[in-house]
Structures are given as structure tokens and as C-alpha cells.
>>> print(open('final12.cif').read())   # mmCIF, C-alpha atoms
data_start
loop_
_atom_site.label_atom_id
_atom_site.label_comp_id
_atom_site.auth_asym_id
_atom_site.auth_seq_id
_atom_site.Cartn_x
_atom_site.Cartn_y
_atom_site.Cartn_z
CA MET A 1 3.06 11.15 37.63
CA SER A 2 4.96 12.97 34.98
CA GLN A 3 4.67 13.84 31.36
CA PRO A 4 7.59 14.62 29.13
CA LEU A 5 7.47 18.03 27.51
CA ASP A 6 7.33 18.45 23.78
CA ASP A 7 9.88 20.70 22.14
CA ILE A 8 7.76 23.85 22.29
CA ASP A 9 6.84 23.28 25.96
CA ARG A 10 10.48 22.77 26.73
CA ARG A 11 11.49 25.99 25.01
CA LEU A 12 8.67 27.74 26.85
CA VAL A 13 10.08 26.51 30.19
CA LEU A 14 13.56 27.67 29.20
CA ALA A 15 12.25 31.08 28.10
CA THR A 16 10.27 31.72 31.31
CA GLN A 17 12.14 30.00 34.13
CA GLY A 18 14.04 33.24 34.72
CA GLY A 19 10.77 35.20 34.75
CA LEU A 20 8.02 36.65 32.57
CA PRO A 21 8.88 39.62 30.33
CA LEU A 22 7.89 42.94 31.93
CA VAL A 23 6.16 44.31 28.84
CA ALA A 24 2.49 45.06 28.17
CA ARG A 25 1.96 41.88 26.10
CA PRO A 26 4.33 39.36 27.67
CA TYR A 27 2.71 36.29 26.12
CA HIS A 28 2.80 37.84 22.66
CA GLN A 29 6.51 38.55 23.08
CA LEU A 30 7.14 34.94 24.15
CA ALA A 31 5.06 33.63 21.26
CA GLU A 32 7.12 35.61 18.79
CA GLN A 33 10.32 34.40 20.41
CA LEU A 34 9.19 30.77 20.14
CA GLY A 35 7.65 31.08 16.67
CA VAL A 36 4.09 30.14 17.67
CA SER A 37 0.86 32.13 17.72
CA PRO A 38 -0.06 34.01 20.90
CA ALA A 39 -3.23 31.92 21.18
CA GLU A 40 -1.22 28.70 21.10
CA LEU A 41 1.28 29.97 23.63
CA MET A 42 -1.47 30.99 26.05
CA ALA A 43 -3.26 27.66 25.54
CA ARG A 44 -0.04 25.81 26.38
CA LEU A 45 0.45 27.82 29.56
CA GLN A 46 -3.17 27.18 30.53
CA ARG A 47 -2.70 23.46 29.95
CA MET A 48 0.50 23.38 32.02
CA LEU A 49 -1.33 25.15 34.86
CA GLY A 50 -4.15 22.63 34.58
CA ASN A 51 -1.94 19.55 34.75
CA GLY A 52 0.34 20.91 37.47
CA ILE A 53 3.51 21.38 35.41
CA ILE A 54 3.10 25.02 36.38
CA ARG A 55 2.18 25.30 40.06
CA ARG A 56 1.18 28.96 39.76
CA ILE A 57 2.13 32.16 37.96
CA GLY A 58 3.10 35.00 40.24
CA ALA A 59 5.67 36.71 42.38
CA VAL A 60 8.09 35.04 44.79
CA PRO A 61 8.88 37.47 47.60
CA ASN A 62 12.17 37.45 49.41
CA HIS A 63 10.87 36.43 52.86
CA TYR A 64 13.40 38.58 54.63
CA ALA A 65 12.39 41.70 52.68
CA ILE A 66 8.69 41.30 53.58
CA GLY A 67 9.30 40.96 57.31
CA TYR A 68 9.95 37.25 57.87
CA THR A 69 13.50 37.33 59.13
CA ALA A 70 13.45 33.93 60.87
CA ASN A 71 12.60 30.58 59.39
CA GLY A 72 12.61 27.22 61.04
CA MET A 73 12.26 23.78 59.57
CA SER A 74 10.18 22.04 62.23
CA VAL A 75 10.40 18.26 62.16
CA TRP A 76 8.17 15.77 63.97
CA ASP A 77 8.03 12.07 64.69
CA VAL A 78 4.40 10.99 64.41
CA PRO A 79 2.90 7.53 63.78
CA ASP A 80 2.71 6.69 60.07
CA GLU A 81 -0.95 5.64 60.46
CA VAL A 82 -2.05 9.19 61.32
CA ILE A 83 0.50 11.30 59.46
CA ASP A 84 -1.79 12.24 56.55
CA GLU A 85 -4.54 13.52 58.81
CA LEU A 86 -2.05 15.46 60.95
CA GLY A 87 -0.08 16.75 57.96
CA ASN A 88 -3.21 18.23 56.43
CA ARG A 89 -4.07 19.99 59.69
CA VAL A 90 -0.54 21.38 60.13
CA GLY A 91 -0.60 22.60 56.51
CA GLU A 92 -3.70 24.67 57.30
CA LEU A 93 -1.85 26.80 59.88
CA ASP A 94 -1.24 30.21 58.37
CA PHE A 95 2.46 30.39 59.30
CA VAL A 96 3.32 27.05 57.66
CA THR A 97 4.54 27.49 54.08
CA HIS A 98 5.49 23.91 53.21
CA CYS A 99 4.45 20.63 54.81
CA TYR A 100 5.70 17.21 53.75
CA HIS A 101 5.81 13.56 54.76
CA ARG A 102 9.43 12.43 54.33
CA PRO A 103 11.21 9.20 55.28
CA ARG A 104 12.92 8.74 58.65
CA ARG A 105 16.64 7.90 58.56
CA LEU A 106 17.11 5.80 61.66
CA PRO A 107 19.01 5.94 63.88
CA GLU A 108 20.24 9.44 62.95
CA TRP A 109 16.86 10.95 62.09
CA PRO A 110 13.55 9.85 63.68
CA TYR A 111 11.34 12.57 62.13
CA ASN A 112 8.83 11.96 59.33
CA LEU A 113 6.75 15.19 59.21
CA PHE A 114 8.44 18.39 58.02
CA ALA A 115 6.74 21.80 58.34
CA MET A 116 8.48 25.03 57.31
CA VAL A 117 7.59 27.93 59.57
CA HIS A 118 8.24 31.64 58.96
CA GLY A 119 8.18 34.42 61.55
CA GLY A 120 9.61 37.80 62.46
CA SER A 121 12.01 36.42 65.07
CA ARG A 122 13.35 33.16 66.41
CA ASP A 123 11.08 33.54 69.45
CA GLU A 124 8.04 33.91 67.23
CA VAL A 125 9.05 30.79 65.30
CA LEU A 126 9.43 28.90 68.58
CA ARG A 127 5.91 30.01 69.63
CA GLN A 128 4.58 28.79 66.28
CA VAL A 129 6.38 25.48 66.78
CA ALA A 130 4.73 25.22 70.22
CA GLU A 131 1.35 25.72 68.52
CA ILE A 132 2.09 22.81 66.16
CA ALA A 133 3.08 20.71 69.19
CA ARG A 134 -0.29 21.48 70.81
CA LEU A 135 -2.12 20.55 67.61
CA LEU A 136 -0.28 17.23 67.33
CA GLY A 137 -0.74 16.44 71.03
CA PRO A 138 0.30 12.96 72.19
CA ALA A 139 0.73 11.80 68.54
CA CYS A 140 4.04 13.66 68.56
CA ARG A 141 6.79 11.47 69.99
CA ALA A 142 9.73 13.82 69.40
CA HIS A 143 10.45 17.00 67.52
CA ASP A 144 13.18 19.48 66.63
CA VAL A 145 13.41 22.79 64.80
CA LEU A 146 16.33 23.70 62.56
CA PHE A 147 16.86 27.40 62.02
CA SER A 148 18.54 28.57 58.86
CA THR A 149 21.60 30.56 59.87
CA GLU A 150 23.14 31.13 56.45
CA ILE A 151 22.05 30.85 52.83
CA LEU A 152 25.02 29.13 51.19
CA LYS A 153 23.57 28.93 47.70
CA LYS A 154 20.25 29.89 46.13
CA THR A 155 19.98 29.64 42.39
CA GLY A 156 16.56 28.02 42.16
CA LEU A 157 15.58 25.43 39.67
CA ARG A 158 17.10 25.58 36.22
CA ILE A 159 16.73 23.02 33.52
CA GLY A 160 19.49 22.89 30.97
CA GLY A 161 19.24 24.25 27.44
CA MET B 1 22.00 40.01 55.77
CA PRO B 2 21.66 43.50 54.27
CA GLU B 3 18.67 45.68 55.18
CA PRO B 4 15.83 45.12 52.72
CA ALA B 5 14.84 47.94 50.37
CA PRO B 6 11.93 50.06 51.66
CA ILE B 7 8.54 49.36 50.12
CA ASP B 8 5.32 51.37 50.23
CA ALA B 9 1.63 50.46 50.50
CA VAL B 10 1.20 49.95 46.75
CA ASP B 11 4.23 47.62 46.64
CA ARG B 12 2.72 45.66 49.53
CA ALA B 13 -0.60 45.33 47.72
CA ILE B 14 1.19 44.14 44.57
CA ILE B 15 3.14 41.48 46.47
CA ASP B 16 0.12 40.25 48.42
CA ARG B 17 -2.10 40.13 45.34
CA LEU B 18 0.44 38.58 42.99
CA GLN B 19 1.69 35.54 44.89
CA GLY B 20 -0.38 33.53 42.42
CA GLY B 21 -3.18 33.84 39.92
CA PHE B 22 -1.44 36.06 37.37
CA PRO B 23 -3.82 36.04 34.37
CA ILE B 24 -3.12 34.49 30.99
CA CYS B 25 -4.54 37.02 28.53
CA GLU B 26 -3.35 39.61 26.04
CA ARG B 27 -2.71 42.42 28.56
CA PRO B 28 -2.27 40.65 31.93
CA TYR B 29 -0.45 43.54 33.60
CA ALA B 30 -3.26 45.92 32.63
CA GLU B 31 -5.79 43.53 34.16
CA VAL B 32 -3.85 43.22 37.43
CA ALA B 33 -3.25 46.98 37.53
CA GLY B 34 -7.04 47.40 37.31
CA TRP B 35 -7.52 45.15 40.37
CA LEU B 36 -5.04 47.30 42.27
CA GLY B 37 -6.34 50.67 41.07
CA ILE B 38 -3.12 51.71 39.34
CA ASP B 39 -2.23 51.83 35.67
CA GLU B 40 -0.31 49.27 33.65
CA ALA B 41 2.84 51.39 33.27
CA GLU B 42 3.07 51.93 37.01
CA LEU B 43 2.67 48.21 37.74
CA LEU B 44 5.42 47.34 35.24
CA GLU B 45 7.72 50.00 36.70
CA ARG B 46 7.11 48.80 40.26
CA LEU B 47 7.59 45.12 39.41
CA GLY B 48 10.88 46.00 37.70
CA ARG B 49 12.05 47.88 40.79
CA LEU B 50 10.93 45.15 43.25
CA LEU B 51 12.91 42.61 41.23
CA ALA B 52 15.97 44.87 40.88
CA THR B 53 16.05 45.51 44.64
CA ARG B 54 15.50 41.79 45.38
CA VAL B 55 12.27 42.35 47.32
CA LEU B 56 10.96 39.83 44.80
CA THR B 57 13.27 36.99 43.89
CA ARG B 58 11.21 36.02 40.82
CA PHE B 59 8.16 36.85 38.82
CA GLY B 60 6.67 34.33 36.44
CA PRO B 61 5.54 30.70 36.21
CA MET B 62 6.62 28.35 39.01
CA PHE B 63 7.35 24.96 37.50
CA GLN B 64 6.98 21.60 39.23
CA VAL B 65 9.97 19.67 38.04
CA GLU B 66 8.45 16.32 39.11
CA ARG B 67 5.60 16.81 36.66
CA MET B 68 8.13 17.23 33.87
CA GLY B 69 9.82 13.91 34.61
CA GLY B 70 12.48 15.50 36.81
CA ALA B 71 13.19 15.20 40.50
CA PHE B 72 13.54 17.58 43.42
CA VAL B 73 14.97 16.09 46.62
CA LEU B 74 15.92 17.52 50.01
CA ALA B 75 19.18 16.14 51.39
CA ALA B 76 21.27 16.70 54.49
CA MET B 77 24.78 16.12 55.78
CA ALA B 78 26.40 16.28 59.21
CA VAL B 79 29.54 18.28 58.46
CA PRO B 80 32.23 18.69 61.14
CA GLU B 81 33.05 22.38 61.75
CA SER B 82 36.70 21.76 60.95
CA ASP B 83 35.72 20.46 57.51
CA TRP B 84 32.96 22.98 56.75
CA LEU B 85 34.57 25.11 54.05
CA ARG B 86 35.88 22.17 52.08
CA VAL B 87 32.54 20.33 52.06
CA ARG B 88 30.55 23.49 51.37
CA ALA B 89 32.68 24.19 48.29
CA ILE B 90 32.06 20.67 46.99
CA VAL B 91 28.29 20.85 47.49
CA ASP B 92 27.86 24.41 46.15
CA SER B 93 29.88 23.61 43.04
CA LEU B 94 27.36 21.04 41.77
CA PRO B 95 24.88 22.54 39.28
CA GLU B 96 22.27 20.07 40.57
CA VAL B 97 22.27 21.86 43.96
CA ALA B 98 19.51 24.50 43.70
CA HIS B 99 19.62 25.76 47.31
CA ASN B 100 21.96 25.09 50.19
CA TYR B 101 21.33 26.30 53.74
CA ARG B 102 23.27 26.08 56.94
CA ARG B 103 20.85 25.06 59.69
CA GLU B 104 21.26 24.90 63.42
CA SER B 105 19.22 22.44 65.46
CA ASP B 106 17.29 23.58 68.52
CA ARG B 107 17.91 20.10 69.99
CA ASN B 108 20.91 18.02 69.14
CA SER B 109 20.73 17.02 65.51
CA ALA B 110 24.12 16.87 63.82
CA PHE B 111 22.64 17.58 60.38
CA ASN B 112 23.83 21.12 59.71
CA MET B 113 23.95 21.35 55.90
CA TRP B 114 20.60 21.08 54.08
CA PHE B 115 20.33 21.34 50.34
CA VAL B 116 17.89 20.68 47.51
CA LEU B 117 18.93 18.67 44.48
CA ALA B 118 16.97 19.41 41.29
CA THR B 119 17.59 17.25 38.25
CA GLU B 120 15.84 16.54 34.98
CA SER B 121 15.61 12.82 35.70
CA ALA B 122 15.23 10.73 38.85
CA ALA B 123 18.53 9.00 38.07
CA GLY B 124 20.29 12.35 38.25
CA ILE B 125 19.60 12.58 41.99
CA ALA B 126 21.43 9.37 42.82
CA ALA B 127 24.33 10.39 40.60
CA ALA B 128 24.65 13.78 42.29
CA ILE B 129 24.52 12.22 45.75
CA GLY B 130 27.16 9.72 44.69
CA ARG B 131 29.45 12.52 43.52
CA ILE B 132 29.08 14.48 46.76
CA GLU B 133 29.75 11.40 48.89
CA GLU B 134 32.77 10.43 46.81
CA ARG B 135 34.33 13.90 46.86
CA SER B 136 33.54 14.74 50.50
CA GLY B 137 33.99 11.32 52.08
CA LEU B 138 30.82 11.97 54.11
CA PRO B 139 27.40 10.32 53.83
CA VAL B 140 24.48 12.22 52.28
CA PHE B 141 21.01 11.53 53.67
CA ALA B 142 18.19 11.99 51.15
CA PHE B 143 14.69 12.98 52.23
CA PRO B 144 12.48 12.60 49.15
CA LYS B 145 8.92 13.76 49.71
CA LEU B 146 6.53 10.89 50.21
CA ARG B 147 3.55 13.20 50.31
CA GLU B 148 3.01 16.93 50.10
CA TYR B 149 0.26 18.45 52.23
CA PHE B 150 -1.64 21.36 50.80
CA VAL B 151 -0.59 24.81 51.91
CA GLU B 152 -1.70 28.11 50.45
CA MET B 153 0.67 30.87 49.52
CA LYS B 154 -0.28 33.15 52.30
CA LEU B 155 2.63 35.03 53.81
CA ALA B 156 1.25 38.54 54.06
CA VAL B 157 3.70 41.42 53.79
CA ARG B 158 4.54 42.64 57.30
CA THR B 159 7.09 45.40 56.80
#
>>> encode(input="final12.cif", output="C-alpha cells")
Amino acid sequence: MSQPLDDIDRRLVLATQGGLPLVARPYHQLAEQLGVSPAELMARLQRMLGNGIIRRIGAVPNHYAIGYTANGMSVWDVPDEVIDELGNRVGELDFVTHCYHRPRRLPEWPYNLFAMVHGGSRDEVLRQVAEIARLLGPACRAHDVLFSTEILKKTGLRIGG
Amino acid sequence: MPEPAPIDAVDRAIIDRLQGGFPICERPYAEVAGWLGIDEAELLERLGRLLATRVLTRFGPMFQVERMGGAFVLAAMAVPESDWLRVRAIVDSLPEVAHNYRRESDRNSAFNMWFVLATESAAGIAAAIGRIEERSGLPVFAFPKLREYFVEMKLAVRT
């Protein structure tokens, strides 16, 4: 499900993907920059929020700076017939920040449920992983957790100009 | 990693309150400052400092590239230690690679390089994977999301 952007939407994405202006009237500043009225600019943002082009407007904390110094990508092999029910329950756990059904890559990779877990230490992450294992019970046939040990690159999403 | 910059109780409240739901109105910062019991100028000053010290990595709209016709795909490689620097340079050099992490398995998975490819069209993903495989001589395993389960943004500040 996708909808191509019109030219103004596209320029709005380009103008804000680095962040919102830190001025009292940020949407007015953007409107002036894009040559549209403030009302139109705000209506476009509201529409993009409504149709999911914008997931949310807010702050992205650096996990490390707010006390989450360990993160683990926990991965699970569960039967495809029950993955949606289990994935929704895992996503409800308060230490899980992303939860996805992804394809297995046999024979190298038997796991189809991915849940990103954040904690203050590797031990805490392992305890959280154990909690997921308890929740999944016998539906879990195998699992692993991959700890990030180095950020090699982090530029975030950028569309071209 | 370097020690994070110190933050106080007001910073914590700002971060917790602003992980989503920033208003769309004429004076959004004034409205949020009102929720937090501070004034607009102080909120703007603090947001500027939290961004400058990298406590926040971003402030603004979070776009879903898939909804704009683009694609966002997790991919992994099993890179031999002896070849790490060469392959890392190849992967990091591609503009389509938005993040790249070294990961270490708690079990015995050989996949140690995990990256996200973000492109403006679905065809761009296959092209980027093809380029990495051709230049590195190693296979790339793609893990496109088949379904995303709902999670809230809920990491409370703990420092």
C-alpha cells in the first residue's frame, strides 16, 4: 500500500526529514519556505499522519543516552500458523521496541519472528529474552539473540533531492 | 561509546512526553511547553541542547518510506573476521545503507553484519543487494518484513 507524493509533499519530506525547525512557528516557517499557506501545510501534515506516510511527529532519543546501553535482536522460530497471535503478544511487552514477522532463510536461518529488546545491561536483555521464551512456551522451537557490539553506520533514512 | 551528556528532570519529562504526538498548530512548542509547565523559549532552548549533545538523534516527523512507494529492508551477511574491514567499507559506502550494525550471536549464528537498506523504489533494494554481492563476493540475505506487530513508543528515560 503506497501512494506517490505530489511535488509539494515531496518537498515537505525533503524539508523536514532532517528535523522540524526549532522556532515558535515551525509550520509557518516551512510554509513560507515551500511557498504554500500555513493552513495548507498543516493540512498536508495532518493528512500524511492520517494515511501513515508520517508514523508520528516527535523526538527520537539516543537509547544509550537515556539509559538503554544494551540492545538485543531476539529471533524466534515459531509455527507460521500461530505467528500473528504470538507476535502481537510479544509486541505488547514493554521492553520490546520493534516486532516483525520476517522470512526464514533455510538452512542458514530458521527464525521467523524478530523482536528488538532494550535494557540497561546484557544480563537484563537476557532476562527479557527469557520472559519472551516463557510467553512463547512450546510454540518456540529455537531462538537466538544478537547483541549489537558496534554501530558501523547510522545516517537514517534520506530520500534524494 | 562516549559517556552521554547529563540530563535533568525537565529534560527527562520532555523526552518522555515528546516521543510522539507533537501537535500540528500555529504555536506547537508553546502548547507542549504548557503541558510540561515550562515556557516556550525554555522548551526550544532545551530541545536545541538535547539535539546538539546527541541525547536526541532527531526531532520531527518520522516518515514511513513504504507508504511513499519506497522500501526499507533488513539484510545480513556472514563476514569472515579476516575480511571484515574490506566488506564493511563496501557496505558503508552505499548511500542506500541507512544503518549498519555489527552483531554478535548468543548462539552460533554466523550472521555478524546487519544493515538496513532504504530506497525510493522496491527495485532499488535488489539493485543495492546486487552491488554489495558483486563487490564483496559474499551472499547477502534479505529479511523483508512480512508483517509488523504493533508496539508503542514506550522506552521511559532511565538515567
>>> closest_residue(input="final12.cif", among="B:Val79, B:Val97, B:Ala110, B:Val73", to="B:Ala122", atoms="all atoms listed in the file")
B:Val73
>>> closest_residue(input="final12.cif", among="B:Val32, B:Ala75, B:Met68, B:Ile132", to="A:Asp6", atoms="only C-alpha atoms")
B:Met68
>>> interface_residues(input="final12.cif", of="chain A", to="chain B", cutoff="7 Å", atoms="only C-alpha atoms", output="JSON, numbers by chain")
{"A": [1, 2, 3, 4, 5, 16, 17, 19, 20, 22, 24, 25, 27, 42, 52, 53, 54, 55, 56, 57, 58, 59, 60, 61, 62, 65, 66, 67, 87, 88, 91, 92, 94, 97, 98, 99, 100, 101, 102, 103, 144, 145, 146, 147, 148, 149, 150, 151, 152, 153, 154, 155, 156, 157, 159]}
>>> resolve_selection(input="final12.cif", expression="the PyMOL selection byres ((chain A and resi 79) around 10)", output="PyMOL selection string")
chain A and resi 76-78+80-84+86+111-113+139-141
>>> closest_residue(input="final12.cif", among="B:Asp39, B:Ser121, B:Asp8, B:Met77", to="B:Val140", atoms="only C-alpha atoms")
B:Met77
>>> atom_distance(input="final12.cif", atom1="atom CA of A:Ala31", atom2="atom CA of A:Asn51")
20.7 Å
>>> decode(input="final12.cif", residues="stretch 60-135 of chain A", atoms="C-alpha atoms", output="PDB file, in the first residue's frame")
ATOM      1  CA  VAL A  60      13.937  10.111  18.735  1.00  0.00           C
ATOM      2  CA  PRO A  61      16.108   9.556  21.800  1.00  0.00           C
ATOM      3  CA  ASN A  62      19.550   8.079  21.588  1.00  0.00           C
ATOM      4  CA  HIS A  63      18.866   4.849  23.508  1.00  0.00           C
ATOM      5  CA  TYR A  64      22.298   4.843  25.060  1.00  0.00           C
ATOM      6  CA  ALA A  65      21.891   8.395  26.405  1.00  0.00           C
ATOM      7  CA  ILE A  66      18.593   7.563  28.156  1.00  0.00           C
ATOM      8  CA  GLY A  67      19.933   4.503  29.955  1.00  0.00           C
ATOM      9  CA  TYR A  68      19.489   1.628  27.497  1.00  0.00           C
ATOM     10  CA  THR A  69      23.069   0.622  26.915  1.00  0.00           C
ATOM     11  CA  ALA A  70      22.362  -2.914  25.668  1.00  0.00           C
ATOM     12  CA  ASN A  71      20.155  -3.969  22.808  1.00  0.00           C
ATOM     13  CA  GLY A  72      19.494  -7.410  21.510  1.00  0.00           C
ATOM     14  CA  MET A  73      17.728  -8.557  18.396  1.00  0.00           C
ATOM     15  CA  SER A  74      15.911 -11.640  19.656  1.00  0.00           C
ATOM     16  CA  VAL A  75      14.888 -14.070  16.936  1.00  0.00           C
ATOM     17  CA  TRP A  76      12.483 -16.997  17.227  1.00  0.00           C
ATOM     18  CA  ASP A  77      11.358 -19.967  15.187  1.00  0.00           C
ATOM     19  CA  VAL A  78       7.617 -20.353  15.716  1.00  0.00           C
ATOM     20  CA  PRO A  79       4.985 -22.102  13.559  1.00  0.00           C
ATOM     21  CA  ASP A  80       3.648 -19.845  10.793  1.00  0.00           C
ATOM     22  CA  GLU A  81       0.056 -20.722  11.769  1.00  0.00           C
ATOM     23  CA  VAL A  82       0.386 -19.012  15.163  1.00  0.00           C
ATOM     24  CA  ILE A  83       2.946 -16.300  14.461  1.00  0.00           C
ATOM     25  CA  ASP A  84       0.445 -13.417  14.227  1.00  0.00           C
ATOM     26  CA  GLU A  85      -1.129 -14.201  17.584  1.00  0.00           C
ATOM     27  CA  LEU A  86       2.289 -14.621  19.222  1.00  0.00           C
ATOM     28  CA  GLY A  87       3.794 -11.578  17.505  1.00  0.00           C
ATOM     29  CA  ASN A  88       1.020  -9.353  18.825  1.00  0.00           C
ATOM     30  CA  ARG A  89       1.576 -10.637  22.366  1.00  0.00           C
ATOM     31  CA  VAL A  90       5.358 -10.165  22.176  1.00  0.00           C
ATOM     32  CA  GLY A  91       4.823  -6.634  20.829  1.00  0.00           C
ATOM     33  CA  GLU A  92       2.830  -5.785  23.959  1.00  0.00           C
ATOM     34  CA  LEU A  93       5.821  -6.390  26.261  1.00  0.00           C
ATOM     35  CA  ASP A  94       7.106  -3.032  27.431  1.00  0.00           C
ATOM     36  CA  PHE A  95      10.774  -3.718  26.651  1.00  0.00           C
ATOM     37  CA  VAL A  96      10.106  -4.698  23.019  1.00  0.00           C
ATOM     38  CA  THR A  97      10.505  -1.744  20.650  1.00  0.00           C
ATOM     39  CA  HIS A  98      10.029  -3.467  17.289  1.00  0.00           C
ATOM     40  CA  CYS A  99       8.424  -6.789  16.432  1.00  0.00           C
ATOM     41  CA  TYR A 100       8.229  -8.275  12.950  1.00  0.00           C
ATOM     42  CA  HIS A 101       7.409 -11.430  11.020  1.00  0.00           C
ATOM     43  CA  ARG A 102      10.262 -11.953   8.546  1.00  0.00           C
ATOM     44  CA  PRO A 103      11.094 -14.848   6.208  1.00  0.00           C
ATOM     45  CA  ARG A 104      13.326 -17.736   7.269  1.00  0.00           C
ATOM     46  CA  ARG A 105      16.453 -18.326   5.164  1.00  0.00           C
ATOM     47  CA  LEU A 106      16.962 -22.057   5.429  1.00  0.00           C
ATOM     48  CA  PRO A 107      19.280 -23.705   6.131  1.00  0.00           C
ATOM     49  CA  GLU A 108      21.299 -20.739   7.470  1.00  0.00           C
ATOM     50  CA  TRP A 109      18.470 -19.005   9.318  1.00  0.00           C
ATOM     51  CA  PRO A 110      15.472 -20.825  10.856  1.00  0.00           C
ATOM     52  CA  TYR A 111      13.936 -17.804  12.652  1.00  0.00           C
ATOM     53  CA  ASN A 112      10.763 -16.015  11.519  1.00  0.00           C
ATOM     54  CA  LEU A 113       9.851 -13.745  14.480  1.00  0.00           C
ATOM     55  CA  PHE A 114      12.138 -10.801  15.275  1.00  0.00           C
ATOM     56  CA  ALA A 115      11.743  -8.757  18.487  1.00  0.00           C
ATOM     57  CA  MET A 116      14.116  -5.915  19.367  1.00  0.00           C
ATOM     58  CA  VAL A 117      14.770  -5.692  23.097  1.00  0.00           C
ATOM     59  CA  HIS A 118      16.394  -2.820  25.007  1.00  0.00           C
ATOM     60  CA  GLY A 119      17.849  -2.943  28.514  1.00  0.00           C
ATOM     61  CA  GLY A 120      20.454  -1.460  30.817  1.00  0.00           C
ATOM     62  CA  SER A 121      22.835  -4.405  30.509  1.00  0.00           C
ATOM     63  CA  ARG A 122      23.354  -7.591  28.568  1.00  0.00           C
ATOM     64  CA  ASP A 123      22.127  -9.569  31.584  1.00  0.00           C
ATOM     65  CA  GLU A 124      18.924  -7.562  31.690  1.00  0.00           C
ATOM     66  CA  VAL A 125      18.386  -8.180  27.975  1.00  0.00           C
ATOM     67  CA  LEU A 126      18.924 -11.905  28.532  1.00  0.00           C
ATOM     68  CA  ARG A 127      16.305 -11.862  31.327  1.00  0.00           C
ATOM     69  CA  GLN A 128      13.885 -10.097  28.977  1.00  0.00           C
ATOM     70  CA  VAL A 129      14.605 -12.703  26.296  1.00  0.00           C
ATOM     71  CA  ALA A 130      13.839 -15.420  28.878  1.00  0.00           C
ATOM     72  CA  GLU A 131      10.487 -13.709  29.526  1.00  0.00           C
ATOM     73  CA  ILE A 132       9.672 -13.855  25.801  1.00  0.00           C
ATOM     74  CA  ALA A 133      10.646 -17.542  25.816  1.00  0.00           C
ATOM     75  CA  ARG A 134       8.188 -18.161  28.669  1.00  0.00           C
ATOM     76  CA  LEU A 135       5.442 -16.304  26.813  1.00  0.00           C
TER      77      LEU A 135
END
